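The structure appears below as structure tokens.
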Amino acid sequence: MSLPGAAPSVFSRDRGPLTDPAPIDTQVDAQIEAQIADEFAAHLELLEHELIESGAAPAQAAALARRRFGNTDRLAHECRAIALKEHLMLKRIHLAITIILALLLAGSVMLGVIAARRARAEAQRALAMQMEARMRAEQALAQEQAARDRAMELKAQADDKLRAEQLKSTPAPTGAAPK
Amino acid sequence: MPAKTPDLLQGTLDVMILRTLERAENHGYGIARAIEAAASGQLAIEEGSLYPALYRLEKRRDIAGAWRTTEGKRRARFYRLTPRGRKRLKEQLSLWDRLSSAVNRVLAPAPEPAP
């Protein structure tokens, strides 16, 4: 239903200095606008009918009804702002919660990444320290083995020398032993 | 209607709507006519200005609206007073009594000075 004789811009978004509550859920917005338009149109029809019954010409009745009703654009905008206030507030709360959750999620992901990097670096450092300790232990083992080999070699040399000295100090037999 | 009628005080329209709906449920046009008749044409109301008040009262759940057909077979949105609105009306009437008494006392003619 359209407003009788009203300009097509009755519910346009260009509403002068008043603050437009859009953008919000378009479907709810459209429903509210349609309801306001229907309600205004019903009022104007009844008022016109009353004026015609009291003797006004139909064209005059329409103009007079609109004058008595007031500025439909401004009034429709006012009604729309009141009706959609709650939706707008809910929308803003929803948006704020979404932003907070997104920030919390991003923060927790970043903290997770930082913690994982730190843990990896610590694990690498621990592994490096472990490898270094193992290398030192192997070196120490190798040195010990070398020392042990050297000791054995020295002992063998000493034994050989002792044996050679013993052979030298033992008198050689004078004759052949009787059979 | 007189040539010049007083403008409505802010909030007065709300209480007049609640009072009208206390008697019977009605649509915007009917409420305008009821107020006009009750005031004997002494109040100038831009009829469309009823609607922001109706939407505000409905948002506050003081009234509830529903589409119905009028006796003249026209579709109109009828409003009825809710229990919450009835309570609000009682409070507003009490406030109005106190306010109007205070204003009347201020506006009362000064006593004649003693001779």
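If you're wondering about the labels, chains in the structure tokens are A, B, ... by order shown, residues count from 1 in each chain, ligands from 1 in order shown.
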
Do you have, as CSV, the list of residues of chain A lying at most 7 Å from chain B, each with its nearest atom pair and that distance in Å to one decimal, counting only C-alpha atoms and ordered by chain then number?
```
residue,atom,partner,partner_atom,distance
A:Glu39,CA,B:Ala76,CA,6.5
A:Ala42,CA,B:Ala76,CA,6.0
A:His43,CA,B:Tyr29,CA,5.3
A:Arg68,CA,B:Glu46,CA,6.0
A:Phe69,CA,B:Gly48,CA,4.6
A:Gly70,CA,B:Gly48,CA,5.5
A:Leu75,CA,B:Gly48,CA,6.6
A:Glu78,CA,B:Pro52,CA,6.1
A:Cys79,CA,B:Pro52,CA,4.8
A:Ile82,CA,B:Arg56,CA,6.2
A:Ala83,CA,B:Tyr55,CA,6.4
```

* Within 9 Å of Leu51 (chain A), counting only C-alpha atoms, which residues qualify if same-chain residues fewer than 6 places away don't, as a list in words? ->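 Counting only C-alpha atoms, the residues come to Ala57, Pro58, Gln60, Ala61, Ala62, Leu64 and Ala65 of chain A.
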
Selection to disk with C-alpha atoms, as a PDB file, in the first residue's frame:
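Wrote it out as again04.pdb, contents follow:
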```pdb
ATOM      1  CA  ALA A  57     -14.069  17.637  -2.303  1.00  0.00           C
ATOM      2  CA  PRO A  58     -11.927  14.471  -2.720  1.00  0.00           C
ATOM      3  CA  GLN A  60      -9.118  18.932  -1.195  1.00  0.00           C
ATOM      4  CA  ALA A  61      -9.713  16.142   1.336  1.00  0.00           C
ATOM      5  CA  ALA A  62      -6.478  14.391   0.328  1.00  0.00           C
ATOM      6  CA  LEU A  64      -6.079  18.531   3.935  1.00  0.00           C
ATOM      7  CA  ALA A  65      -5.557  15.033   5.354  1.00  0.00           C
TER       8      ALA A  65
END
```

* Asked: What separation in Å, quoted to one decimal, exists between CA of Glu25 (chain B) and CA of Ala38 (chain B)?
  ->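 Result for CA of Glu25 (chain B) versus CA of Ala38 (chain B): 15.9 Å, one decimal.
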
* In Å, how far is it from CA of Ile17 (chain B) to CA of Leu95 (chain B)? ->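 Between CA of Ile17 (chain B) and CA of Leu95 (chain B) the gap works out to 15.8 Å.
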
* To do: Would you mind writing down, as a PyMOL selection string, each residue of region 9-93 of chain B that DSSP on the backbone assigns to strand (DSSP E or B)?
  => chain B and resi 26-27+63-69+75-81

* **Atom pair CA of Arg105 (chain B) / CA of Ser40 (chain B): separation (Å)** => 25.1 Å

* To do: Write out as number ranges by chain all residues of region 18-66 of chain B that DSSP puts in helix (DSSP H, G or I) for this structure's backbone.
  => B: 18-23, 28-38, 47-59

* When distances are computed from only C-alpha atoms, which of B:Ile35, B:Met16, B:Ile63, B:Ala114 shows the smallest separation from Arg86 (chain B)? ->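 For Arg86 (chain B), the nearest of the given residues is B:Ile63.
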
* To do: Fewer than 3 positions away in the same chain doesn't count, so skip those; otherwise give me all residues within 8 Å of Ala64 (chain B), counting only C-alpha atoms, as JSON, numbers by chain.
  => {"B": [58, 61, 79, 80, 81, 82]}

With a distance cut-off of 10 Å and only C-alpha atoms, select the neighbouring residues of Val15 (chain B), excluding the residue or stretch itself and same-chain residues fewer than 3 positions from it, and output the selection as a PDB file with C-alpha atoms, in the first residue's frame.
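Wrote part.pdb, looks like this:
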```pdb
ATOM      1  CA  GLY B  11       5.470  13.197  27.311  1.00  0.00           C
ATOM      2  CA  THR B  12       1.886  14.372  27.703  1.00  0.00           C
ATOM      3  CA  LEU B  18      -2.346   5.283  27.411  1.00  0.00           C
ATOM      4  CA  ARG B  19      -5.497   6.817  28.923  1.00  0.00           C
ATOM      5  CA  THR B  20      -7.349   6.489  25.604  1.00  0.00           C
ATOM      6  CA  LEU B  21      -6.318   2.847  25.228  1.00  0.00           C
ATOM      7  CA  ALA B  53       4.701   7.969  20.406  1.00  0.00           C
ATOM      8  CA  LEU B  57       5.183   2.926  23.787  1.00  0.00           C
ATOM      9  CA  GLY B  85       1.218   0.058  30.309  1.00  0.00           C
ATOM     10  CA  ARG B  88       2.840   3.091  33.755  1.00  0.00           C
ATOM     11  CA  LEU B  89      -0.417   5.029  33.238  1.00  0.00           C
ATOM     12  CA  LYS B  90      -1.109   4.958  36.989  1.00  0.00           C
ATOM     13  CA  GLU B  91       2.359   6.322  37.719  1.00  0.00           C
ATOM     14  CA  GLN B  92       2.113   8.978  35.008  1.00  0.00           C
ATOM     15  CA  LEU B  93      -1.312  10.147  36.206  1.00  0.00           C
ATOM     16  CA  TRP B  96       0.717  14.662  36.292  1.00  0.00           C
TER      17      TRP B  96
END
```
